Structures are given as C-alpha cells and as structure tokens.
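Have a look at run05.txt below; it lists compact mmCIF, C-alpha atoms.
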```
# COMPACT_ATOMS: atom_id res chain seq x y z
CA MET K 1 14.90 -55.30 -6.75
CA THR K 2 13.61 -56.30 -3.29
CA ASP K 3 14.23 -52.69 -2.24
CA VAL K 4 11.84 -51.51 -4.93
CA VAL K 5 9.26 -54.07 -3.86
CA GLN K 6 9.64 -53.04 -0.23
CA LEU K 7 9.34 -49.38 -1.12
CA TRP K 8 6.18 -50.08 -3.16
CA THR K 9 4.68 -52.17 -0.33
CA TYR K 10 5.38 -49.35 2.08
CA LEU K 11 4.02 -46.59 -0.18
CA ALA K 12 0.96 -48.56 -1.27
CA SER K 13 -0.07 -49.21 2.33
CA SER K 14 0.38 -45.64 3.58
CA PRO K 15 -2.46 -43.10 3.25
CA LEU K 16 -0.12 -41.07 1.05
CA PHE K 17 -0.74 -43.54 -1.79
CA GLY K 18 -4.49 -43.04 -2.11
CA LEU K 19 -4.26 -39.28 -1.80
CA THR K 20 -1.39 -38.89 -4.27
CA ALA K 21 -2.93 -41.28 -6.77
CA THR K 22 -6.30 -39.48 -6.62
CA VAL K 23 -4.97 -35.96 -7.03
CA THR K 24 -2.37 -36.87 -9.68
CA THR K 25 -4.80 -38.92 -11.75
CA TYR K 26 -7.44 -36.19 -11.57
CA VAL K 27 -4.96 -33.49 -12.61
CA LEU K 28 -3.93 -35.58 -15.63
CA ALA K 29 -7.54 -36.48 -16.49
CA HIS K 30 -8.52 -32.83 -16.24
CA ALA K 31 -5.61 -31.78 -18.48
CA LEU K 32 -6.71 -34.32 -21.09
CA HIS K 33 -10.32 -33.09 -20.76
CA GLU K 34 -9.13 -29.51 -21.42
CA ARG K 35 -6.98 -30.69 -24.28
CA LEU K 36 -10.05 -32.29 -25.89
CA GLY K 37 -11.91 -28.97 -25.75
CA ARG K 38 -13.84 -30.07 -22.61
CA ALA K 39 -15.79 -32.59 -24.65
CA PRO K 40 -18.47 -34.07 -22.36
CA TRP K 41 -17.51 -37.64 -23.25
CA SER K 42 -14.03 -37.05 -21.80
CA ASN K 43 -15.54 -36.48 -18.33
CA PRO K 44 -12.67 -36.21 -15.80
CA VAL K 45 -14.53 -38.18 -13.08
CA MET K 46 -15.07 -41.05 -15.51
CA LEU K 47 -11.45 -41.01 -16.75
CA SER K 48 -10.09 -40.88 -13.18
CA VAL K 49 -12.32 -43.74 -12.00
CA ILE K 50 -11.26 -45.91 -14.95
CA VAL K 51 -7.54 -45.23 -14.43
CA LEU K 52 -7.58 -45.62 -10.63
CA GLY K 53 -9.89 -48.65 -10.74
CA THR K 54 -7.60 -50.35 -13.24
CA LEU K 55 -4.55 -49.44 -11.13
CA LEU K 56 -6.07 -50.95 -7.97
CA LEU K 57 -7.16 -54.13 -9.75
CA ALA K 58 -3.80 -54.51 -11.55
CA THR K 59 -1.77 -54.09 -8.34
CA GLY K 60 -4.21 -56.08 -6.20
CA THR K 61 -4.65 -53.11 -3.86
CA PRO K 62 -7.87 -53.43 -1.82
CA TYR K 63 -10.27 -50.49 -2.03
CA PRO K 64 -10.12 -49.73 1.74
CA VAL K 65 -6.34 -49.31 1.49
CA TYR K 66 -6.84 -46.79 -1.34
CA PHE K 67 -9.65 -45.04 0.53
CA ALA K 68 -7.49 -44.58 3.64
CA GLY K 69 -5.72 -41.86 1.65
CA ALA K 70 -8.50 -40.80 -0.70
CA GLN K 71 -10.79 -39.97 2.23
CA PHE K 72 -8.93 -36.68 2.69
CA VAL K 73 -10.38 -35.62 -0.67
CA HIS K 74 -13.71 -37.29 0.07
CA VAL K 75 -14.41 -35.35 3.29
CA LEU K 76 -14.41 -32.09 1.32
CA LEU K 77 -17.55 -33.27 -0.47
CA GLY K 78 -19.59 -32.28 2.62
CA PRO K 79 -18.61 -28.59 2.76
CA ALA K 80 -18.75 -28.50 -1.07
CA VAL K 81 -22.44 -29.50 -0.99
CA VAL K 82 -23.08 -26.78 1.61
CA ALA K 83 -21.20 -24.37 -0.67
CA LEU K 84 -23.74 -25.03 -3.46
CA GLY K 85 -25.95 -22.68 -1.45
CA TRP K 86 -23.77 -19.74 -2.51
CA PRO K 87 -24.75 -19.69 -6.23
CA LEU K 88 -28.37 -20.24 -5.13
CA TRP K 89 -28.28 -17.30 -2.74
CA GLN K 90 -26.87 -15.06 -5.48
CA ARG K 91 -29.91 -15.87 -7.65
CA ARG K 92 -32.50 -16.05 -4.88
CA ALA K 93 -34.97 -13.52 -6.37
CA GLU K 94 -34.97 -15.22 -9.78
CA LEU K 95 -35.33 -18.67 -8.19
CA ARG K 96 -38.27 -17.60 -6.03
CA ARG K 97 -40.04 -16.29 -9.13
CA ARG K 98 -39.44 -19.58 -10.94
CA ALA K 99 -40.32 -21.83 -7.99
CA LEU K 100 -43.32 -23.44 -9.70
CA PRO K 101 -41.69 -24.44 -13.03
CA LEU K 102 -38.66 -25.75 -11.12
CA ALA K 103 -40.70 -27.80 -8.63
CA ALA K 104 -42.84 -29.26 -11.44
CA GLY K 105 -39.79 -30.06 -13.57
CA ALA K 106 -38.08 -31.77 -10.62
CA LEU K 107 -41.15 -33.88 -9.82
CA VAL K 108 -41.80 -34.99 -13.40
CA GLY K 109 -38.13 -35.41 -14.33
CA GLY K 110 -37.23 -37.31 -11.16
CA GLY K 111 -40.35 -39.46 -11.50
CA VAL K 112 -39.60 -40.30 -15.13
CA ALA K 113 -35.93 -41.16 -14.39
CA SER K 114 -36.85 -43.47 -11.53
CA GLY K 115 -39.92 -44.95 -13.22
CA VAL K 116 -38.15 -45.68 -16.51
CA ALA K 117 -35.21 -47.27 -14.66
CA VAL K 118 -37.41 -49.62 -12.63
CA GLY K 119 -39.84 -50.27 -15.49
CA ALA K 120 -37.17 -51.02 -18.10
CA GLY K 121 -35.17 -53.09 -15.61
CA TRP K 122 -38.28 -55.11 -14.77
CA ALA K 123 -39.08 -55.62 -18.47
CA LEU K 124 -35.52 -56.86 -19.03
CA GLY K 125 -35.88 -59.33 -16.16
CA LEU K 126 -33.47 -57.83 -13.62
CA PRO K 127 -33.91 -59.29 -10.09
CA THR K 128 -35.96 -57.32 -7.55
CA PRO K 129 -33.09 -56.26 -5.23
CA ILE K 130 -31.39 -54.67 -8.25
CA LEU K 131 -34.63 -52.90 -9.29
CA LEU K 132 -35.01 -51.48 -5.79
CA SER K 133 -31.42 -50.26 -5.90
CA LEU K 134 -32.06 -48.60 -9.28
CA ALA K 135 -35.06 -46.58 -8.06
CA PRO K 136 -33.11 -43.77 -6.31
CA LYS K 137 -30.34 -43.57 -8.94
CA SER K 138 -30.92 -39.89 -9.80
CA VAL K 139 -30.47 -38.78 -6.19
CA THR K 140 -27.08 -37.79 -4.80
CA ALA K 141 -25.21 -40.88 -3.52
CA PRO K 142 -25.55 -40.55 0.29
CA VAL K 143 -29.34 -40.08 -0.03
CA ALA K 144 -29.70 -42.80 -2.67
CA VAL K 145 -27.96 -45.24 -0.34
CA GLY K 146 -30.38 -44.36 2.47
CA ILE K 147 -33.43 -44.75 0.21
CA ALA K 148 -32.20 -48.11 -1.15
CA GLU K 149 -31.73 -49.29 2.44
CA ARG K 150 -35.31 -48.42 3.35
CA LEU K 151 -36.58 -50.24 0.23
CA SER K 152 -34.49 -53.32 1.16
CA GLY K 153 -32.39 -52.87 -1.98
CA VAL K 154 -28.60 -53.19 -1.94
CA PRO K 155 -27.13 -49.90 -0.67
CA ALA K 156 -23.67 -50.48 -2.16
CA LEU K 157 -25.19 -51.19 -5.59
CA ALA K 158 -27.33 -48.07 -5.31
CA ALA K 159 -24.13 -46.06 -4.82
CA ALA K 160 -22.61 -47.63 -7.94
CA PHE K 161 -25.78 -46.98 -10.02
CA THR K 162 -25.83 -43.37 -8.82
CA LEU K 163 -22.25 -42.88 -9.89
CA LEU K 164 -22.88 -44.40 -13.33
CA THR K 165 -26.01 -42.26 -13.74
CA GLY K 166 -23.98 -39.15 -12.93
CA ILE K 167 -21.33 -40.06 -15.47
CA VAL K 168 -23.86 -40.91 -18.21
CA GLY K 169 -25.65 -37.59 -17.68
CA ALA K 170 -22.52 -35.45 -17.42
CA SER K 171 -20.94 -37.02 -20.49
CA SER K 172 -23.97 -36.99 -22.80
CA ALA K 173 -26.58 -34.40 -21.70
CA LYS K 174 -25.13 -31.77 -24.03
CA TYR K 175 -25.93 -33.79 -27.15
CA LEU K 176 -29.45 -34.61 -25.97
CA LEU K 177 -30.26 -31.01 -24.97
CA ASP K 178 -28.75 -29.66 -28.20
CA GLY K 179 -30.94 -32.11 -30.11
CA MET K 180 -34.01 -30.92 -28.20
CA GLY K 181 -33.14 -27.30 -28.96
CA VAL K 182 -32.94 -26.37 -25.24
CA ARG K 183 -30.61 -23.35 -25.10
CA ASP K 184 -31.39 -21.66 -21.79
CA TRP K 185 -28.46 -22.27 -19.39
CA ALA K 186 -30.88 -22.40 -16.48
CA VAL K 187 -32.98 -25.20 -18.01
CA ARG K 188 -29.93 -27.13 -19.22
CA GLY K 189 -28.26 -27.03 -15.83
CA PHE K 190 -31.48 -27.82 -14.00
CA ALA K 191 -32.13 -30.92 -16.13
CA LEU K 192 -28.58 -32.13 -15.56
CA GLY K 193 -28.72 -31.60 -11.77
CA THR K 194 -32.14 -33.27 -11.56
CA ALA K 195 -31.21 -36.43 -13.47
CA SER K 196 -27.48 -36.64 -12.66
CA HIS K 197 -27.10 -35.02 -9.21
CA GLY K 198 -23.62 -33.86 -8.08
CA ILE K 199 -21.60 -35.22 -10.98
CA GLY K 200 -24.01 -33.50 -13.37
CA ALA K 201 -23.80 -30.34 -11.27
CA ALA K 202 -19.99 -30.44 -11.38
CA ARG K 203 -20.14 -30.60 -15.18
CA ALA K 204 -22.72 -27.79 -15.31
CA LEU K 205 -20.61 -25.61 -13.00
CA SER K 206 -17.53 -26.10 -15.17
CA VAL K 207 -19.47 -24.87 -18.19
CA HIS K 208 -21.53 -21.88 -17.02
CA PRO K 209 -22.30 -20.35 -13.58
CA ASP K 210 -26.06 -20.18 -14.29
CA ALA K 211 -26.13 -23.82 -15.36
CA GLY K 212 -24.22 -24.72 -12.19
CA ALA K 213 -26.57 -22.83 -9.89
CA TYR K 214 -29.68 -24.38 -11.43
CA ALA K 215 -28.05 -27.81 -11.31
CA ALA K 216 -27.59 -27.28 -7.56
CA VAL K 217 -31.32 -26.48 -7.28
CA GLY K 218 -32.15 -29.63 -9.25
CA LEU K 219 -29.93 -31.75 -6.99
CA GLY K 220 -31.48 -30.26 -3.85
CA LEU K 221 -35.09 -30.71 -5.00
CA GLN K 222 -34.38 -34.37 -5.91
CA VAL K 223 -33.13 -34.96 -2.37
CA LEU K 224 -36.29 -33.44 -0.85
CA PHE K 225 -38.79 -35.11 -3.21
CA ALA K 226 -37.12 -38.50 -3.64
CA SER K 227 -36.53 -39.20 0.04
CA PHE K 228 -40.27 -38.89 0.69
CA LEU K 229 -41.85 -40.00 -2.59
CA ILE K 230 -39.78 -43.04 -3.63
CA PRO K 231 -40.46 -44.99 -0.39
CA MET K 232 -44.15 -43.98 -0.59
CA VAL K 233 -44.55 -45.13 -4.21
CA ALA K 234 -42.60 -48.33 -3.47
CA ALA K 235 -45.03 -49.08 -0.62
CA LEU K 236 -47.92 -49.03 -3.12
CA PHE K 237 -46.34 -51.95 -4.99
CA ARG K 238 -45.95 -54.20 -1.95
CA MET L 1 -7.44 -16.53 4.90
CA GLN L 2 -10.81 -15.45 3.52
CA ALA L 3 -11.30 -18.92 1.96
CA LEU L 4 -10.21 -20.64 5.16
CA ARG L 5 -12.70 -18.61 7.19
CA GLY L 6 -15.37 -19.54 4.67
CA LEU L 7 -14.40 -23.23 4.94
CA ALA L 8 -14.86 -22.99 8.71
CA VAL L 9 -18.35 -21.52 8.17
CA LEU L 10 -19.27 -24.29 5.69
CA LEU L 11 -17.97 -27.02 8.03
CA LEU L 12 -19.87 -25.55 10.98
CA LEU L 13 -23.08 -25.47 8.92
CA GLN L 14 -22.51 -29.05 7.78
CA ALA L 15 -22.02 -30.11 11.40
CA ALA L 16 -25.21 -28.28 12.38
CA GLY L 17 -26.98 -30.03 9.49
CA GLU L 18 -25.71 -33.45 10.64
CA GLY L 19 -26.86 -32.66 14.18
CA ILE L 20 -30.34 -31.63 13.05
CA THR L 21 -30.90 -34.68 10.80
CA ARG L 22 -29.79 -37.05 13.58
CA ALA L 23 -31.80 -35.33 16.29
CA LEU L 24 -34.99 -35.22 14.22
CA GLY L 25 -34.43 -38.49 12.33
CA LEU L 26 -34.79 -36.73 8.95
CA PRO L 27 -34.12 -38.75 5.78
CA PHE L 28 -31.75 -36.05 4.42
CA PRO L 29 -27.97 -36.00 4.47
CA GLY L 30 -26.39 -33.43 6.82
CA PRO L 31 -24.68 -31.40 4.05
CA VAL L 32 -28.02 -30.81 2.27
CA VAL L 33 -29.51 -29.45 5.50
CA GLY L 34 -26.31 -27.39 5.85
CA LEU L 35 -26.99 -25.96 2.36
CA LEU L 36 -30.49 -24.92 3.49
CA LEU L 37 -29.01 -23.33 6.63
CA LEU L 38 -26.46 -21.39 4.56
CA LEU L 39 -29.19 -19.44 2.75
CA PRO L 40 -30.49 -17.52 5.81
CA ALA L 41 -26.94 -17.34 7.24
CA LEU L 42 -25.85 -15.31 4.20
CA ASN L 43 -28.11 -12.48 5.38
CA LEU L 44 -25.15 -11.66 7.64
CA PRO L 45 -22.96 -9.52 5.36
CA ALA L 46 -19.80 -10.49 7.26
CA LEU L 47 -20.16 -14.09 6.04
CA ARG L 48 -20.52 -13.32 2.33
CA ALA L 49 -16.93 -12.66 1.23
CA PRO L 50 -15.46 -15.66 3.14
CA VAL L 51 -18.20 -18.03 1.95
CA ALA L 52 -17.80 -16.80 -1.64
CA ALA L 53 -14.04 -17.45 -1.50
CA ALA L 54 -14.42 -20.95 -0.06
CA ALA L 55 -17.32 -21.82 -2.40
CA ASN L 56 -15.37 -20.75 -5.48
CA LEU L 57 -12.42 -22.86 -4.37
CA LEU L 58 -14.46 -26.00 -3.61
CA LEU L 59 -16.89 -25.74 -6.52
CA SER L 60 -14.26 -25.05 -9.18
CA HIS L 61 -13.03 -28.63 -8.71
CA LEU L 62 -16.19 -30.33 -7.51
CA SER L 63 -15.54 -33.22 -9.94
CA LEU L 64 -12.37 -34.23 -8.07
CA LEU L 65 -14.36 -34.80 -4.88
CA PHE L 66 -16.46 -37.55 -6.50
CA VAL L 67 -13.44 -39.64 -7.54
CA PRO L 68 -12.77 -41.51 -4.23
CA VAL L 69 -16.38 -42.78 -4.00
CA GLY L 70 -16.43 -43.44 -7.73
CA VAL L 71 -13.47 -45.81 -7.54
CA GLY L 72 -15.59 -47.84 -5.09
CA VAL L 73 -17.42 -49.24 -8.11
CA ILE L 74 -14.60 -51.81 -8.45
CA VAL L 75 -15.89 -53.51 -5.30
CA HIS L 76 -19.11 -54.40 -7.13
CA LEU L 77 -17.63 -55.37 -10.50
CA LYS L 78 -18.89 -58.94 -10.08
CA VAL L 79 -22.61 -58.07 -9.89
CA LEU L 80 -22.22 -55.21 -12.36
CA SER L 81 -20.55 -57.43 -14.98
CA GLU L 82 -23.13 -60.21 -14.45
CA TYR L 83 -25.89 -57.85 -15.67
CA ALA L 84 -23.60 -55.43 -17.54
CA GLY L 85 -25.51 -55.10 -20.81
CA ARG L 86 -28.96 -54.71 -19.27
CA LEU L 87 -27.76 -52.33 -16.55
CA ALA L 88 -25.97 -50.12 -19.06
CA LEU L 89 -29.11 -49.95 -21.18
CA VAL L 90 -31.42 -49.24 -18.22
CA ILE L 91 -29.16 -46.58 -16.70
CA ALA L 92 -28.56 -44.79 -20.00
CA ILE L 93 -32.20 -44.77 -21.13
CA SER L 94 -33.60 -43.70 -17.76
CA THR L 95 -31.02 -40.92 -17.37
CA TRP L 96 -31.76 -39.54 -20.83
CA ALA L 97 -35.52 -39.81 -20.22
CA GLY L 98 -35.09 -37.93 -16.93
CA ILE L 99 -33.03 -35.14 -18.52
CA ALA L 100 -35.45 -34.77 -21.44
CA ALA L 101 -38.57 -34.76 -19.23
CA THR L 102 -37.09 -32.22 -16.80
CA ALA L 103 -35.95 -29.89 -19.59
CA TRP L 104 -39.24 -30.17 -21.45
CA VAL L 105 -41.51 -29.49 -18.45
CA THR L 106 -39.34 -26.74 -16.96
CA GLN L 107 -38.88 -24.94 -20.26
CA ALA L 108 -42.59 -25.09 -21.14
CA LEU L 109 -43.69 -23.76 -17.72
CA MET L 110 -41.04 -21.02 -17.67
CA ARG L 111 -42.17 -19.80 -21.08
CA ARG L 112 -45.80 -19.82 -19.99
CA ALA L 113 -44.95 -17.85 -16.84
CA GLN L 114 -43.00 -15.36 -18.95
CA ALA L 115 -45.90 -14.93 -21.36
CA ALA L 116 -48.24 -14.40 -18.40
CA GLU L 117 -45.96 -11.67 -17.09
CA GLY L 118 -46.80 -9.73 -20.24
CA GLY L 119 -44.35 -11.28 -22.63
CA ARG L 120 -41.47 -9.32 -21.13
CA PRO L 121 -38.53 -11.44 -22.28
CA GLU L 122 -35.64 -11.89 -19.88
CA ALA L 123 -32.26 -10.61 -20.91
CA PRO L 124 -30.76 -13.02 -23.44
CA ARG L 125 -27.85 -14.57 -21.66
CA ASN L 126 -28.27 -18.14 -22.57
CA HIS L 127 -27.05 -18.86 -26.03
CA GLY L 128 -24.47 -21.51 -26.61
CA ASP L 129 -21.15 -20.52 -28.11
CA ALA L 130 -20.53 -21.01 -31.81
CA ASP L 131 -19.81 -24.72 -31.79
CA GLY L 132 -21.56 -25.39 -28.54
CA ALA L 133 -18.48 -27.10 -27.10
CA GLY L 134 -18.91 -25.29 -23.83
CA THR L 135 -22.51 -26.23 -23.14
CA PRO L 136 -23.23 -28.85 -20.49
```
Write the structure described by the file as structure tokens, please.
Amino acid sequence: MTDVVQLWTYLASSPLFGLTATVTTYVLAHALHERLGRAPWSNPVMLSVIVLGTLLLATGTPYPVYFAGAQFVHVLLGPAVVALGWPLWQRRAELRRRALPLAAGALVGGGVASGVAVGAGWALGLPTPILLSLAPKSVTAPVAVGIAERLSGVPALAAAFTLLTGIVGASSAKYLLDGMGVRDWAVRGFALGTASHGIGAARALSVHPDAGAYAAVGLGLQVLFASFLIPMVAALFR
Amino acid sequence: MQALRGLAVLLLLQAAGEGITRALGLPFPGPVVGLLLLLPALNLPALRAPVAAAANLLLSHLSLLFVPVGVGVIVHLKVLSEYAGRLALVIAISTWAGIAATAWVTQALMRRAQAAEGGRPEAPRNHGDADGAGTP
C-alpha cells in the first residue's frame, strides 16, 4: 500500500503527470464529443477543464504542480495563434473586399459584449474590481489580462472570465445563430471569434474551414480594437 | 519534416512578434503580432507548404491548447463561487448579446455591399447540413 502511495506521490509531482493527464483527458473528452455528434454543449475544453479541475481538487494537487507538466501543451498556443494567419492568407482577397462589414461588426459586437457585461454586472451590484475584470472578457486571454491590469481590475479573474466566455460562446452560439436565421459560415464564425475569441475559433475551425478563418479574423480585430478602446472608454468613467 | 519546418517558421515569427511588442511597448501579445507578420511572409512561395502543414496540425486540435490555462480557473473558485449566480448570468447574457450584435451588423453590411456590387450573389457555400449538427 505504501508503495502505491509513494508511486503516486512521485508521479503526481513529476511534470509527466500534468502532461499525461491533460492529453489523456482531452482525448477522452474529444471522443465523447464525437460520440455525441459534436453537440456544442459537449465542448471538449469544458469537459476537460471540469474533469481535470475535479481531479486536482480531489487529490489536493496544487495548480502549479499540474502546470509544470501541462505547460508543454500550453506553449504551443503561441505558434497556433500565429498559424491562424494561414486560413486568413488563403482568403485574403475576399477578406479585403469585406473589410468594412467585418470592422463594423467587430466594433459593434465587441462593444456590446463588453458594455452589456459591465452594465449588467453593475446593475446586479457586483463590486468594481470585478466589473473592471469583466470588461475585456471577449478578448483572447493574454490580452484580456493586460487590459484588466491597466484598468486596475484583477488580472487572474479576467483570465477566468475570458475562459468562461469562450466556453459559453462555443457551447451555445449554434442555437442562437440558428434562431436568428444566420446561415453564412463566414458570419457565424466571425460572430463566434468576436465574442468568444480562441475557444470560439477552435469550435468554428472544427466545424467548417470558412467559419474558422472568419473566427480568426474576429479574434484578431478584437485584440486590435479592445486594447485601445476599452482603456479609453474606461478613462471616461473615472 | 514539412510540418516541423513550418513549426520553426511559426516559432520564429512569434519570437519576432514578442520582440517587436516589447521593443515598442505595444499592448498586443507577441503571437498576434506574429500572425500579422505571417501574412506578408507567405508571399515567399517556399514557406507556404511547410506553414500549411504546421498550421493544419496545430489548428486541428486548437481546443486542446486551451485546457492547461482553463484548469487555472480552480485557483479562483472562491471568488467565482461567492458571486456564482450573478457572474454566470452576466457572462452568458453579454456573450450572447455580443454574438447576436456581431452577426446582425456583419450580415446586414455584407448584404448591402453585395447588393451595391450589382446583386451578384456569391457562390452558395454556406448552408448548414440537414440537422445543423455541424454548424458552430
């Protein structure tokens, strides 16, 4: 029995644990997602986070110990974001022609997402540091964290809100867009990337290449607009 | 090998992006600047096949790459559970409002632009499958 405990202690503290747990859980979550006909509500990021989060809490494993292994997956996020340029480049002529509708959609959509979050949060009596951390929630996590910092919000909370926003969008946008009668893959993907950044883009990519490419455009435009406009608008309220 | 070469290109562009944002004090993350650098870089035909191979590999499982950061939510469970109901409501409503507003504005302007071009409809390539299970 003590051997088993010792083995677990050893495995759980080596980087191998976080890496193995992440990849294995994701593979299982993805298989379940496929099995359920890729239903949006069975989002593999959400399932993996729930399973791994529960595992860490149940075994009392601190997050940094997990991340020591999981970082080997995490570092690939950088080149993956650069790689989003590939589907954009393939559609460069079409995107240039649609620059105006896309820029307008990104401005209005991003503004509405941020404004409704802060406005509704304020109406519900959430404390100011939380409101400031909610403002950049539609922007990809590393940028959202930077914006929250400049607004004197709580950067770590901003990261959590961003993640939850991504999961909400990826797991429910289909029903909303179906209800609105939006059928163009480009518009569907663009809306998802604008409001739900990378996690939305990952969902869009898994569904249709056009949706994925436009989601990447939406994500990119949010980064450009939000990092300038959110701090400017926040300054008006000081 | 093609994909590995492409990964090297992507990593180099990310590093260049990180360097530029630091040097100029830009409020953008390095990888996003790397994405912008990739677009002109692809004018070099030699880069296209390797970048395509690496991009297809990385983007086909983009979801996996968000899991390690996502698990970090457990660190903030205390604050999140304190305001759980209100936060869930605020995040859901604002995300749906953002998706609806983006789709509405973009679709309306695209249709207007198309009508202005002389009503020449673009090739229909955008209809959901029968039950719509595959739409995002």
Rows by chain and residue number, chain K within 6 Å of chain L, shortest pair, only C-alpha atoms, as a Markdown table:
```
| residue | atom | partner | partner_atom | distance |
| --- | --- | --- | --- | --- |
| K:Val45 | CA | L:Val67 | CA | 5.8 |
| K:Val49 | CA | L:Val71 | CA | 5.0 |
| K:Gly53 | CA | L:Val71 | CA | 5.6 |
| K:Ala70 | CA | L:Pro68 | CA | 5.6 |
| K:Val73 | CA | L:Leu65 | CA | 5.9 |
| K:His74 | CA | L:Leu65 | CA | 5.6 |
| K:Leu77 | CA | L:Leu65 | CA | 5.7 |
| K:Gly78 | CA | L:Pro31 | CA | 5.4 |
| K:Pro79 | CA | L:Leu10 | CA | 5.2 |
| K:Ala80 | CA | L:Leu58 | CA | 5.6 |
| K:Val81 | CA | L:Pro31 | CA | 5.8 |
| K:Val82 | CA | L:Leu35 | CA | 4.1 |
| K:Ala83 | CA | L:Ala55 | CA | 5.0 |
| K:Gly85 | CA | L:Leu35 | CA | 5.1 |
| K:Trp89 | CA | L:Leu39 | CA | 6.0 |
| K:Pro101 | CA | L:Thr106 | CA | 5.1 |
| K:Leu102 | CA | L:Thr106 | CA | 6.0 |
| K:Gly105 | CA | L:Thr102 | CA | 4.7 |
| K:Gly109 | CA | L:Thr102 | CA | 4.2 |
| K:Val112 | CA | L:Gly98 | CA | 5.4 |
| K:Ala113 | CA | L:Gly98 | CA | 4.2 |
| K:Val116 | CA | L:Ser94 | CA | 5.1 |
| K:Ala117 | CA | L:Ser94 | CA | 5.0 |
| K:Gly121 | CA | L:Val90 | CA | 6.0 |
| K:Ala160 | CA | L:Val73 | CA | 5.4 |
| K:Lys174 | CA | L:Pro136 | CA | 5.0 |
| K:Arg183 | CA | L:His127 | CA | 5.8 |
| K:Asp184 | CA | L:Asn126 | CA | 4.8 |
| K:Trp185 | CA | L:Asn126 | CA | 5.2 |
| K:Val187 | CA | L:Ala103 | CA | 5.8 |
| K:Ala191 | CA | L:Ile99 | CA | 4.9 |
| K:Ala195 | CA | L:Gly98 | CA | 5.4 |
| K:Ala202 | CA | L:Leu62 | CA | 5.4 |
| K:Ala204 | CA | L:Pro136 | CA | 5.3 |
| K:Val207 | CA | L:Gly134 | CA | 5.7 |
```
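All residues of protein, DNA or RNA that reach within 9 Å of region 224-232 of chain K, judged by only C-alpha atoms and not counting those fewer than 6 positions away in the chain, are Ala106, Leu107, Gly110, Gly111, Ser114, Ala135, Pro136, Ser138, Val139, Val143, Ala144, Gly146, Ile147, Ala148, Arg150 and Leu151 of chain K; Pro27 and Phe28 of chain L.
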Q: Could you please determine the separation between CA of Ile167 (chain K) and CA of Trp41 (chain K) in Å, to one decimal place?
A: 9.0 Å
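Here CA of Thr165 (chain K) and CA of Gly193 (chain K) stand 11.2 Å from one another.
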My structure is short of atoms at region 33-39 of chain L; please model all heavy atoms there, returning them as a CSV table (one decimal), in the coordinates of the input.
```csv
chain,number,residue,atom,x,y,z
L,33,VAL,N,-28.9,-30.3,4.5
L,33,VAL,CA,-29.5,-29.4,5.5
L,33,VAL,C,-28.6,-28.2,5.7
L,33,VAL,O,-29.1,-27.1,5.9
L,33,VAL,CB,-29.8,-30.2,6.8
L,33,VAL,CG1,-30.3,-29.3,7.9
L,33,VAL,CG2,-30.8,-31.3,6.6
L,34,GLY,N,-27.3,-28.5,5.7
L,34,GLY,CA,-26.3,-27.4,5.8
L,34,GLY,C,-26.5,-26.4,4.7
L,34,GLY,O,-26.4,-25.2,5.0
L,35,LEU,N,-26.7,-26.9,3.5
L,35,LEU,CA,-27.0,-26.0,2.4
L,35,LEU,C,-28.2,-25.1,2.6
L,35,LEU,O,-28.2,-23.9,2.4
L,35,LEU,CB,-27.2,-26.8,1.1
L,35,LEU,CG,-27.4,-26.2,-0.3
L,35,LEU,CD1,-27.2,-27.2,-1.3
L,35,LEU,CD2,-28.7,-25.5,-0.5
L,36,LEU,N,-29.3,-25.7,3.2
L,36,LEU,CA,-30.5,-24.9,3.5
L,36,LEU,C,-30.2,-23.9,4.6
L,36,LEU,O,-30.8,-22.8,4.6
L,36,LEU,CB,-31.6,-25.9,3.9
L,36,LEU,CG,-32.1,-26.8,2.8
L,36,LEU,CD1,-33.2,-27.8,3.3
L,36,LEU,CD2,-32.7,-26.0,1.6
L,37,LEU,N,-29.3,-24.3,5.5
L,37,LEU,CA,-29.0,-23.3,6.6
L,37,LEU,C,-28.2,-22.2,6.1
L,37,LEU,O,-28.2,-21.1,6.7
L,37,LEU,CB,-28.3,-24.1,7.8
L,37,LEU,CG,-29.0,-25.1,8.5
L,37,LEU,CD1,-28.1,-25.8,9.5
L,37,LEU,CD2,-30.2,-24.5,9.3
L,38,LEU,N,-27.4,-22.4,5.1
L,38,LEU,CA,-26.5,-21.4,4.6
L,38,LEU,C,-27.3,-20.2,4.0
L,38,LEU,O,-26.8,-19.1,4.1
L,38,LEU,CB,-25.5,-22.0,3.5
L,38,LEU,CG,-24.6,-21.0,2.8
L,38,LEU,CD1,-23.6,-20.4,3.7
L,38,LEU,CD2,-23.9,-21.7,1.6
L,39,LEU,N,-28.4,-20.5,3.4
L,39,LEU,CA,-29.2,-19.4,2.8
L,39,LEU,C,-29.6,-18.3,3.7
L,39,LEU,O,-29.3,-17.2,3.5
L,39,LEU,CB,-30.4,-20.0,2.0
L,39,LEU,CG,-30.0,-21.0,0.9
L,39,LEU,CD1,-31.3,-21.7,0.3
L,39,LEU,CD2,-29.2,-20.4,-0.2
```
